[in-house]
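Q: Hey, dropping run.txt in here, compact mmCIF, C-alpha atoms and all ligand atoms:
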```txt
# COMPACT_ATOMS: atom_id res chain seq x y z
CA MET A 1 35.76 -7.20 -54.75
CA LYS A 2 38.78 -5.45 -53.35
CA LYS A 3 41.27 -7.87 -51.96
CA LYS A 4 41.70 -7.47 -48.22
CA GLU A 5 45.25 -6.47 -47.42
CA THR A 6 46.94 -8.71 -44.93
CA LYS A 7 50.10 -7.58 -43.24
CA ALA A 8 52.71 -10.31 -43.28
CA LYS A 9 53.94 -11.09 -39.78
CA PRO A 10 57.72 -10.54 -39.71
CA ARG A 11 59.54 -13.85 -39.44
CA LYS A 12 61.32 -14.25 -36.12
CA GLN A 13 65.00 -14.78 -36.75
CA GLY A 14 67.05 -17.35 -34.89
CA PHE A 15 69.61 -16.42 -32.22
CA ALA A 16 72.69 -16.93 -34.39
CA THR A 17 71.19 -14.77 -37.16
CA VAL A 18 70.36 -11.98 -34.73
CA ALA A 19 73.87 -12.16 -33.21
CA ILE A 20 75.43 -11.79 -36.66
CA HIS A 21 73.06 -9.17 -38.08
CA ALA A 22 71.47 -7.01 -35.35
CA GLY A 23 73.38 -3.72 -35.29
CA GLN A 24 75.87 -5.36 -37.66
CA GLU A 25 74.33 -4.15 -40.95
CA PRO A 26 76.80 -3.27 -43.74
CA ASP A 27 78.12 0.30 -43.61
CA GLU A 28 75.76 2.58 -45.53
CA LEU A 29 78.55 4.72 -46.97
CA THR A 30 80.90 2.05 -48.31
CA GLY A 31 79.10 -1.27 -48.01
CA ALA A 32 81.79 -2.56 -45.66
CA VAL A 33 80.49 -5.80 -44.19
CA ALA A 34 82.35 -5.38 -40.91
CA PRO A 35 81.03 -2.48 -38.84
CA PRO A 36 83.32 0.56 -38.96
CA ILE A 37 85.10 1.79 -35.85
CA TYR A 38 84.60 5.53 -35.30
CA PRO A 39 87.59 6.76 -33.28
CA THR A 40 86.38 10.31 -32.90
CA SER A 41 85.77 12.45 -29.85
CA THR A 42 83.45 14.92 -31.59
CA TYR A 43 81.27 15.46 -34.69
CA VAL A 44 80.82 18.47 -37.00
CA GLN A 45 77.43 20.12 -36.54
CA GLN A 46 75.41 21.55 -39.43
CA ASP A 47 73.79 24.44 -37.61
CA LEU A 48 72.84 25.49 -34.11
CA GLY A 49 71.03 22.44 -32.68
CA LYS A 50 71.39 20.56 -35.97
CA ASN A 51 73.58 17.46 -36.26
CA LYS A 52 73.56 13.96 -37.67
CA GLY A 53 72.47 12.40 -34.40
CA TYR A 54 75.95 12.49 -32.86
CA GLU A 55 77.44 15.43 -30.96
CA TYR A 56 80.13 14.22 -28.60
CA ALA A 57 81.56 10.72 -28.11
CA ARG A 58 80.86 10.43 -24.40
CA VAL A 59 77.18 10.80 -25.26
CA SER A 60 77.14 8.52 -28.28
CA ASN A 61 79.25 6.87 -30.92
CA PRO A 62 78.06 4.94 -34.00
CA THR A 63 80.11 1.81 -33.15
CA ARG A 64 78.64 1.89 -29.66
CA THR A 65 75.13 2.36 -31.03
CA ARG A 66 75.58 -0.80 -33.09
CA LEU A 67 76.73 -2.82 -30.10
CA GLU A 68 73.88 -1.52 -27.95
CA GLN A 69 71.36 -2.49 -30.64
CA ASN A 70 72.90 -5.94 -30.81
CA MET A 71 72.90 -6.47 -27.04
CA ALA A 72 69.26 -5.37 -26.69
CA ALA A 73 68.24 -7.72 -29.51
CA LEU A 74 70.07 -10.72 -28.02
CA GLU A 75 68.55 -10.31 -24.57
CA GLY A 76 65.11 -9.35 -25.89
CA GLY A 77 65.27 -5.95 -24.20
CA THR A 78 64.13 -2.54 -25.32
CA SER A 79 67.46 -0.81 -24.71
CA ALA A 80 71.08 -1.53 -23.89
CA HIS A 81 73.86 0.70 -22.64
CA VAL A 82 77.49 -0.34 -22.60
CA PHE A 83 80.15 0.68 -20.11
CA ALA A 84 83.90 0.40 -19.69
CA SER A 85 83.72 -2.85 -17.69
CA GLY A 86 81.19 -5.07 -15.98
CA MET A 87 81.81 -3.16 -12.75
CA ALA A 88 81.30 0.17 -14.54
CA ALA A 89 77.90 -1.17 -15.65
CA VAL A 90 77.06 -2.13 -12.04
CA THR A 91 78.17 1.35 -10.97
CA ALA A 92 75.90 3.00 -13.52
CA LEU A 93 72.98 0.88 -12.38
CA THR A 94 73.43 1.97 -8.76
CA GLN A 95 73.86 5.62 -9.83
CA CYS A 96 70.67 5.48 -11.90
CA PHE A 97 68.30 3.57 -9.67
CA LEU A 98 69.39 4.01 -6.04
CA ARG A 99 69.22 7.05 -3.82
CA GLN A 100 70.07 7.76 -0.22
CA GLY A 101 67.73 5.74 1.99
CA ASP A 102 67.09 3.05 -0.63
CA HIS A 103 67.79 -0.63 -0.11
CA LEU A 104 69.22 -3.18 -2.52
CA LEU A 105 68.74 -6.87 -1.80
CA CYS A 106 71.65 -8.81 -3.21
CA GLY A 107 72.22 -12.52 -3.71
CA HIS A 108 74.77 -13.71 -1.15
CA ASP A 109 76.94 -15.54 -3.67
CA THR A 110 77.91 -13.24 -6.52
CA TYR A 111 81.10 -12.10 -8.18
CA GLY A 112 83.14 -10.81 -5.20
CA GLY A 113 83.68 -7.38 -6.75
CA VAL A 114 79.95 -6.63 -6.54
CA PRO A 115 79.55 -6.78 -2.72
CA ARG A 116 82.97 -5.09 -2.40
CA PHE A 117 81.65 -2.16 -4.44
CA PHE A 118 78.27 -2.10 -2.67
CA ASN A 119 79.72 -2.27 0.87
CA GLN A 120 82.85 -0.20 0.49
CA VAL A 121 81.64 2.45 -1.95
CA VAL A 122 77.88 2.83 -2.41
CA ALA A 123 77.07 2.21 1.28
CA ASN A 124 78.97 5.46 1.98
CA TYR A 125 76.19 7.31 0.14
CA GLY A 126 73.46 6.14 2.50
CA VAL A 127 72.22 3.17 0.46
CA GLU A 128 71.56 -0.03 2.40
CA PHE A 129 72.53 -3.51 1.25
CA THR A 130 71.56 -6.88 2.59
CA TYR A 131 72.60 -10.27 1.29
CA VAL A 132 70.38 -13.29 0.99
CA ASP A 133 70.38 -16.73 -0.57
CA THR A 134 68.16 -16.00 -3.58
CA SER A 135 67.64 -19.73 -4.19
CA ASP A 136 65.54 -19.66 -0.98
CA LEU A 137 62.33 -17.89 -1.98
CA GLU A 138 61.04 -17.59 1.60
CA ALA A 139 64.31 -15.93 2.61
CA VAL A 140 63.96 -13.47 -0.29
CA LYS A 141 60.39 -12.63 0.75
CA LYS A 142 61.46 -12.07 4.34
CA ALA A 143 64.43 -9.89 3.36
CA MET A 144 62.35 -7.50 1.22
CA ARG A 145 61.93 -4.09 2.84
CA ARG A 146 59.65 -1.16 2.26
CA ASN A 147 62.58 0.73 0.71
CA THR A 148 63.89 -2.16 -1.47
CA ARG A 149 64.28 -0.76 -4.96
CA ILE A 150 66.37 -3.46 -6.60
CA VAL A 151 66.88 -7.17 -6.15
CA TRP A 152 70.23 -8.14 -7.66
CA MET A 153 71.26 -11.69 -8.33
CA GLU A 154 73.37 -14.05 -10.37
CA THR A 155 72.07 -17.40 -11.49
CA PRO A 156 73.96 -19.69 -11.56
CA THR A 157 76.03 -18.07 -8.83
CA ASN A 158 79.72 -17.41 -8.93
CA PRO A 159 81.43 -19.70 -7.97
CA LEU A 160 79.03 -22.12 -6.23
CA MET A 161 76.79 -22.67 -9.28
CA VAL A 162 73.58 -22.34 -7.25
CA LEU A 163 70.47 -21.45 -9.27
CA SER A 164 67.68 -19.07 -8.36
CA ASP A 165 64.23 -19.21 -9.89
CA ILE A 166 64.13 -16.02 -11.97
CA ARG A 167 60.36 -16.09 -12.49
CA GLU A 168 59.63 -16.49 -8.77
CA VAL A 169 62.19 -13.96 -7.57
CA ALA A 170 60.81 -11.46 -10.11
CA ARG A 171 57.32 -12.01 -8.66
CA ILE A 172 58.56 -11.35 -5.13
CA ALA A 173 60.51 -8.26 -6.20
CA HIS A 174 57.53 -6.84 -8.08
CA ALA A 175 55.11 -7.54 -5.23
CA GLY A 176 57.41 -5.44 -3.04
CA GLY A 177 57.62 -2.61 -5.58
CA ALA A 178 61.21 -3.43 -6.58
CA GLU A 179 62.83 -4.37 -9.87
CA LEU A 180 64.86 -7.50 -10.50
CA ALA A 181 68.28 -7.18 -12.15
CA VAL A 182 70.07 -10.38 -13.15
CA ASP A 183 73.77 -10.75 -13.89
CA ASN A 184 73.58 -13.15 -16.84
CA THR A 185 77.33 -13.30 -17.48
CA PHE A 186 77.74 -17.05 -16.82
CA MET A 187 75.03 -18.24 -19.20
CA SER A 188 74.96 -15.52 -21.88
CA PRO A 189 71.65 -14.83 -23.63
CA TYR A 190 72.23 -17.95 -25.69
CA PHE A 191 71.31 -20.19 -22.75
CA GLN A 192 69.26 -17.92 -20.49
CA LYS A 193 66.95 -14.96 -21.09
CA PRO A 194 66.10 -13.36 -17.75
CA LEU A 195 63.84 -10.66 -19.27
CA ALA A 196 61.58 -13.30 -20.82
CA LEU A 197 61.28 -14.86 -17.36
CA GLY A 198 60.17 -11.61 -15.72
CA ALA A 199 63.40 -9.83 -14.77
CA ASP A 200 63.50 -6.09 -15.45
CA MET A 201 67.17 -5.59 -16.26
CA VAL A 202 70.04 -7.83 -17.32
CA MET A 203 73.69 -7.11 -16.75
CA HIS A 204 76.73 -8.70 -18.40
CA SER A 205 80.40 -8.41 -18.03
CA THR A 206 80.92 -8.47 -21.83
CA THR A 207 84.53 -9.23 -20.91
CA LYS A 208 83.43 -12.89 -20.67
CA PHE A 209 81.36 -14.99 -23.09
CA LEU A 210 79.95 -12.10 -25.18
CA ASN A 211 83.40 -10.94 -26.23
CA GLY A 212 84.67 -14.49 -25.84
CA HIS A 213 88.32 -13.92 -26.70
CA SER A 214 89.77 -12.52 -23.46
CA ASP A 215 90.91 -9.37 -25.22
CA GLY A 216 88.79 -6.56 -23.86
CA LEU A 217 86.80 -5.44 -20.82
CA GLY A 218 83.23 -4.24 -21.06
CA GLY A 219 79.84 -4.22 -19.41
CA VAL A 220 76.23 -3.79 -20.45
CA ILE A 221 72.87 -3.16 -18.85
CA VAL A 222 69.92 -4.29 -20.96
CA GLY A 223 66.66 -2.65 -19.97
CA SER A 224 63.01 -3.43 -20.59
CA LYS A 225 61.29 -0.15 -19.68
CA PRO A 226 61.56 3.43 -20.97
CA HIS A 227 62.99 4.71 -17.67
CA HIS A 228 65.91 2.27 -17.95
CA ALA A 229 66.91 3.66 -21.35
CA GLU A 230 66.43 7.23 -20.28
CA LYS A 231 68.43 7.01 -17.05
CA LEU A 232 71.25 4.85 -18.37
CA ALA A 233 71.78 7.06 -21.43
CA PHE A 234 71.84 10.05 -19.12
CA MET A 235 74.40 8.30 -16.89
CA GLN A 236 76.69 7.56 -19.85
CA LYS A 237 76.70 11.27 -20.53
CA ALA A 238 76.83 12.38 -16.88
CA SER A 239 79.43 10.01 -15.44
CA GLY A 240 81.16 8.94 -18.64
CA ALA A 241 82.34 5.38 -17.97
CA ILE A 242 81.53 4.41 -21.56
CA LEU A 243 83.06 1.64 -23.67
CA SER A 244 85.59 2.74 -26.28
CA PRO A 245 84.68 2.34 -29.98
CA PHE A 246 87.45 -0.24 -30.46
CA GLU A 247 86.26 -2.36 -27.56
CA CYS A 248 82.67 -2.06 -28.79
CA TRP A 249 83.92 -3.42 -32.09
CA LEU A 250 85.69 -6.33 -30.37
CA VAL A 251 82.41 -7.37 -28.75
CA LEU A 252 80.53 -6.94 -32.06
CA ARG A 253 83.11 -9.19 -33.66
CA GLY A 254 83.10 -11.73 -30.83
CA VAL A 255 79.35 -11.97 -30.58
CA LYS A 256 79.05 -13.11 -34.20
CA THR A 257 80.27 -16.54 -33.08
CA LEU A 258 78.46 -16.59 -29.75
CA ALA A 259 75.99 -19.31 -30.78
CA VAL A 260 78.63 -21.75 -32.06
CA ARG A 261 80.97 -20.98 -29.19
CA MET A 262 78.27 -21.56 -26.57
CA GLU A 263 77.33 -24.89 -28.16
CA LYS A 264 80.95 -26.02 -27.91
CA HIS A 265 81.36 -24.57 -24.38
CA ASP A 266 78.30 -26.56 -23.34
CA GLU A 267 79.51 -29.77 -24.98
CA ASN A 268 82.90 -29.43 -23.29
CA GLY A 269 81.28 -28.41 -19.99
CA ARG A 270 79.26 -31.62 -19.88
CA THR A 271 82.28 -33.75 -20.83
CA LEU A 272 84.56 -32.09 -18.27
CA ALA A 273 81.98 -32.29 -15.46
CA ALA A 274 81.50 -36.01 -16.14
CA TYR A 275 85.29 -36.52 -16.04
CA LEU A 276 85.78 -34.46 -12.85
CA LYS A 277 82.88 -36.21 -11.10
CA LYS A 278 84.64 -39.56 -11.40
CA HIS A 279 88.07 -38.32 -10.35
CA PRO A 280 89.16 -39.79 -6.99
CA LYS A 281 90.93 -36.57 -5.87
CA ILE A 282 87.77 -34.48 -6.25
CA ARG A 283 85.28 -34.29 -3.40
CA LYS A 284 82.46 -32.44 -5.10
CA VAL A 285 81.63 -31.06 -8.53
CA MET A 286 79.20 -28.15 -8.89
CA TYR A 287 77.71 -28.04 -12.39
CA PRO A 288 73.99 -27.60 -13.14
CA GLY A 289 74.18 -30.13 -15.96
CA LEU A 290 74.87 -32.98 -13.53
CA LYS A 291 71.80 -34.96 -12.42
CA GLU A 292 73.11 -34.75 -8.85
CA HIS A 293 73.01 -30.94 -8.91
CA PRO A 294 70.26 -30.01 -6.44
CA GLN A 295 68.63 -27.69 -8.98
CA HIS A 296 69.14 -29.73 -12.12
CA GLU A 297 65.38 -29.60 -12.82
CA LEU A 298 65.25 -25.80 -12.48
CA ALA A 299 68.31 -25.60 -14.73
CA LYS A 300 66.47 -27.55 -17.43
CA LYS A 301 63.43 -25.30 -17.00
CA GLN A 302 65.00 -21.85 -17.16
CA MET A 303 68.16 -22.49 -19.18
CA SER A 304 68.51 -24.06 -22.60
CA GLY A 305 72.02 -25.38 -21.90
CA PHE A 306 74.37 -25.72 -18.95
CA GLY A 307 77.43 -23.87 -20.21
CA SER A 308 81.01 -24.50 -19.19
CA MET A 309 81.37 -23.02 -15.71
CA ILE A 310 82.31 -25.76 -13.25
CA THR A 311 83.48 -25.51 -9.66
CA PHE A 312 85.08 -28.45 -7.89
CA ASP A 313 86.44 -29.03 -4.41
CA LEU A 314 89.90 -30.48 -3.86
CA GLY A 315 89.57 -30.53 -0.08
CA SER A 316 92.25 -28.02 0.92
CA LEU A 317 94.14 -24.91 -0.11
CA ASN A 318 97.27 -27.01 -0.40
CA ASN A 319 95.67 -29.44 -2.83
CA ALA A 320 94.27 -26.57 -4.89
CA ARG A 321 97.71 -24.94 -5.01
CA LYS A 322 99.43 -28.17 -6.07
CA MET A 323 97.01 -28.67 -8.92
CA LEU A 324 96.90 -25.07 -10.14
CA ARG A 325 100.70 -24.83 -10.26
CA LYS A 326 100.86 -27.79 -12.61
CA LEU A 327 98.37 -26.57 -15.21
CA SER A 328 99.97 -26.18 -18.58
CA LEU A 329 97.41 -25.95 -21.41
CA CYS A 330 94.70 -24.48 -19.17
CA ALA A 331 95.47 -20.94 -18.02
CA PHE A 332 95.63 -20.36 -14.27
CA ALA A 333 94.04 -16.94 -14.42
CA GLU A 334 91.17 -14.71 -13.32
CA SER A 335 88.20 -14.26 -15.64
CA LEU A 336 86.06 -16.67 -17.62
CA GLY A 337 84.16 -17.09 -20.85
CA GLY A 338 87.16 -17.09 -23.21
CA VAL A 339 87.83 -19.60 -25.96
CA GLU A 340 90.70 -20.88 -23.82
CA THR A 341 90.13 -22.84 -20.61
CA LEU A 342 90.66 -20.58 -17.61
CA VAL A 343 91.02 -21.91 -14.09
CA ASN A 344 91.04 -19.85 -10.92
CA HIS A 345 91.02 -20.12 -7.15
CA PRO A 346 88.01 -18.10 -5.91
CA ALA A 347 89.05 -17.91 -2.24
CA THR A 348 92.28 -16.06 -3.03
CA MET A 349 91.28 -14.42 -6.30
CA THR A 350 87.73 -13.44 -7.37
CA HIS A 351 86.28 -13.82 -3.85
CA ALA A 352 89.21 -12.71 -1.67
CA ALA A 353 87.33 -9.49 -0.85
CA LEU A 354 84.60 -11.47 0.97
CA GLY A 355 87.03 -12.35 3.76
CA VAL A 356 87.23 -15.66 5.63
CA GLU A 357 83.89 -15.18 7.41
CA GLY A 358 82.07 -14.06 4.28
CA ARG A 359 83.29 -17.10 2.36
CA LYS A 360 82.43 -19.44 5.22
CA LYS A 361 78.90 -18.05 5.35
CA ILE A 362 78.21 -19.06 1.75
CA GLY A 363 80.15 -22.33 1.86
CA LEU A 364 83.05 -21.26 -0.35
CA THR A 365 86.02 -23.35 0.77
CA ASP A 366 89.76 -22.91 0.25
CA GLY A 367 89.86 -26.17 -1.72
CA MET A 368 87.49 -24.94 -4.41
CA VAL A 369 88.70 -24.36 -7.93
CA ARG A 370 86.58 -22.72 -10.64
CA LEU A 371 87.00 -23.80 -14.22
CA SER A 372 85.73 -21.96 -17.26
CA GLY A 373 85.83 -24.64 -19.93
CA GLY A 374 87.13 -23.31 -23.22
CA ILE A 375 86.44 -24.59 -26.71
CA GLU A 376 89.67 -26.53 -27.19
CA ASP A 377 89.43 -30.27 -27.83
CA ALA A 378 87.98 -31.75 -24.64
CA LYS A 379 90.52 -34.58 -24.64
CA ASP A 380 93.38 -32.08 -24.44
CA ILE A 381 91.78 -30.18 -21.55
CA ILE A 382 91.25 -33.49 -19.74
CA ALA A 383 94.86 -34.55 -20.36
CA ASP A 384 96.07 -31.31 -18.77
CA LEU A 385 93.72 -31.65 -15.78
CA GLU A 386 94.75 -35.28 -15.35
CA GLN A 387 98.46 -34.47 -15.09
CA ALA A 388 97.78 -31.49 -12.80
CA LEU A 389 95.51 -33.49 -10.49
CA ALA A 390 98.23 -36.17 -10.26
CA ALA A 391 100.32 -33.64 -8.32
CA ILE A 392 97.96 -33.95 -5.33
N1 LIG B 401 79.87 -10.32 -13.04
C1 LIG B 401 80.49 -11.50 -13.08
C2 LIG B 401 79.68 -12.77 -12.99
C3 LIG B 401 81.87 -11.57 -13.20
O1 LIG B 401 82.49 -12.76 -13.22
C4 LIG B 401 82.62 -10.36 -13.28
C5 LIG B 401 84.08 -10.38 -13.40
O2 LIG B 401 84.74 -11.39 -13.23
C6 LIG B 401 81.94 -9.15 -13.23
C7 LIG B 401 80.57 -9.16 -13.12
C8 LIG B 401 82.68 -7.85 -13.34
O3 LIG B 401 83.03 -7.61 -14.67
P1 LIG B 401 84.35 -6.84 -15.17
O4 LIG B 401 85.53 -7.65 -14.73
O5 LIG B 401 84.17 -6.78 -16.64
O6 LIG B 401 84.33 -5.50 -14.52
```
As structure tokens - that is how I would like this structure written.
Ligand code: PLP
A:
Amino acid sequence: MKKKETKAKPRKQGFATVAIHAGQEPDELTGAVAPPIYPTSTYVQQDLGKNKGYEYARVSNPTRTRLEQNMAALEGGTSAHVFASGMAAVTALTQCFLRQGDHLLCGHDTYGGVPRFFNQVVANYGVEFTYVDTSDLEAVKKAMRRNTRIVWMETPTNPLMVLSDIREVARIAHAGGAELAVDNTFMSPYFQKPLALGADMVMHSTTKFLNGHSDGLGGVIVGSKPHHAEKLAFMQKASGAILSPFECWLVLRGVKTLAVRMEKHDENGRTLAAYLKKHPKIRKVMYPGLKEHPQHELAKKQMSGFGSMITFDLGSLNNARKMLRKLSLCAFAESLGGVETLVNHPATMTHAALGVEGRKKIGLTDGMVRLSGGIEDAKDIIADLEQALAAI
């Protein structure tokens, strides 16, 4: 009897393996283990309409293709398109999926540059924006409109570390005929996979944890449907805010250690939050890994770790200033997600554009400091924080 052929089910690789190998295959020509950088603006064509898949570097570049394959694999998407910065990725998303008369419902506590861009740029093209606390599902339902095309949110939020239930918000968005796009920059795909929870698109500022070394800007939109791939590829070609081959390579290089870095970020995040919570000069610590965090249970449900983003309140602008001035090992700087600990003051830096009223509305005070825990030895970070907090 003829033996029945059974197709072996491909083994699902682990996250670290995918990060190191997806799009990172050895170079076919030379066997080089590190992906080559192709610094070219154009490609020789074989005949009219005949080429090797690459025509012009705004449209595509082999180093970029590799990064896009890697990003799609890590988020579990069907496509990924990279742009010159996180904000360039947000720009492309609005260009692709919003038209005059459309409405975007945005979480009310996001990276400050996002509402700045929506209100001061895209609103001029006849697109409407409203802002809502996406952790309040009833409020999201109520804020949906007939013309809502996209619901945009961050979870945890920047800088208040408030979580939104991705599965539930996706349900509400879909019931209203809209798509859910999640900025997953704070958690990285290592700790949170919005597409698996029902979101339609994921955005990252690759500048942060994905690159991980504070040495290059970048942004990505990972899609889950054919129209995402089609429109975003078109927008790379049409508007051209693409990521350079060298910066694609930096992210490809950085992402190889994403799994080990995130483990260490998480370990340090928990240690630092526990230290800060006990400090007498600190009024409140916002970190989803703390039992006291109002959404600690949701955090355990939809994230597989808590990361290293921590916000704490020192009570006043003056106290925040005194402490920030004294930092020595930790960098007092914008940005997050680097191997080094970065500390900033949201009210005057990342969220200055919201204005006093805007910050008051979401509960962002002048005494709040946001810390992106690096992967240094936790005891050294604590020693630096200790001496800086003593200045208050
Ligand atoms: N999203 C989040 C959560 C961010 O923190 C930032 C930048 O700080 C952005 C988006 C924008 O990214 P980029 O600075 O790469 O343009």
Q: Need to verify the contact set: Lys278 of chain A, 12 Å, only C-alpha atoms, exclusion of same-chain residues closer than 6 positions in sequence. Can you return it as JSON, numbers by chain?
A: {"A": [271, 272, 284, 285, 290, 312, 386]}
Q: Please report, as a tab-separated table, each residue of chain A lying at most 8 Å from ligand LIG 401 (chain B), together with the nearest pair of atoms and the separation in Å rounded to one decimal; use only C-alpha atoms and all ligand atoms, and order rows by chain and ascending residue number.
A:
```
residue	atom	partner	partner_atom	distance
A:Ala84	CA	B:LIG401	O5	7.8
A:Ser85	CA	B:LIG401	O5	4.1
A:Gly86	CA	B:LIG401	O3	3.4
A:Met87	CA	B:LIG401	O6	3.9
A:Ala88	CA	B:LIG401	O6	6.4
A:Ala89	CA	B:LIG401	O6	7.8
A:Val90	CA	B:LIG401	C7	7.9
A:Thr110	CA	B:LIG401	C2	6.7
A:Tyr111	CA	B:LIG401	C1	5.0
A:Gly113	CA	B:LIG401	C8	6.7
A:Val114	CA	B:LIG401	C7	7.1
A:Glu154	CA	B:LIG401	C2	7.0
A:Thr157	CA	B:LIG401	C2	7.7
A:Asn158	CA	B:LIG401	C2	6.2
A:Asp183	CA	B:LIG401	N1	6.2
A:Asn184	CA	B:LIG401	C2	7.2
A:Thr185	CA	B:LIG401	C2	5.1
A:Phe186	CA	B:LIG401	C2	6.1
A:Met203	CA	B:LIG401	N1	7.9
A:His204	CA	B:LIG401	N1	6.4
A:Ser205	CA	B:LIG401	O5	4.3
A:Thr206	CA	B:LIG401	O5	6.4
A:Thr207	CA	B:LIG401	O5	4.9
A:Lys208	CA	B:LIG401	O5	7.4
A:Leu217	CA	B:LIG401	O5	5.1
A:Gly218	CA	B:LIG401	O5	5.2
A:Gly219	CA	B:LIG401	O5	5.7
A:Glu334	CA	B:LIG401	O2	7.2
A:Ser335	CA	B:LIG401	O2	5.1
A:Leu336	CA	B:LIG401	O1	6.9
A:Thr350	CA	B:LIG401	O2	6.9
```
Q: Please report the interatomic distance between atom CA of Ile392 of chain A and atom CA of Ser214 of chain A in Å with one decimal.
A: 29.2 Å
Q: Let me make sure I understand: among A:Gln46, A:Thr311, A:Thr63, A:Ser79, which one has the smallest atom-to-atom distance to Ile242 of chain A if we use all atoms listed in the file?
A: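 Of A:Gln46, A:Thr311, A:Thr63, A:Ser79, the one nearest Ile242 of chain A is A:Thr63, counting all atoms listed in the file.
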Q: Give the answer as one residue: which of A:Ala320, A:Asp109, A:Gly374, A:Gly31 has the shortest atom-to-atom distance to Arg359 of chain A, using all atoms listed in the file?
A: A:Asp109
Q: Measure the distance from atom CA of Met323 of chain A to atom CA of Gln295 of chain A in Å and round it to one decimal.
A: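 Between these atoms lies a distance of 28.4 Å.
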Q: Suppose you want the space between atom CA of Ala143 of chain A and atom CA of Glu75 of chain A; what is it in Å?
A: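 We find that atom CA of Ala143 of chain A and atom CA of Glu75 of chain A lie 28.2 Å from each other.
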Q: Find the residues around His213 of chain A up to 12 Å (only C-alpha atoms counted), leave out those fewer than 5 positions away in its own chain, and share them as an NGL selection string.
A: :A and (206-208 or 247 or 250-258 or 261 or 335-342 or 374-375)
Q: Determine the nearest neighbour of Arg66 of chain A from the options A:Phe332, A:Tyr190, A:Phe117, A:Tyr38, counting all atoms listed in the file.
A: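 Going through A:Phe332, A:Tyr190, A:Phe117, A:Tyr38 one by one, the smallest distance to Arg66 of chain A is for A:Tyr38.
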Q: Please provide as number ranges by chain all residues within 10 Å of Met153 of chain A, with the sequence filter that same-chain residues fewer than 4 positions apart are discarded (counting only C-alpha atoms).
A: A: 105-111, 131-135, 157, 163-164, 166, 169, 180-184, 202-203
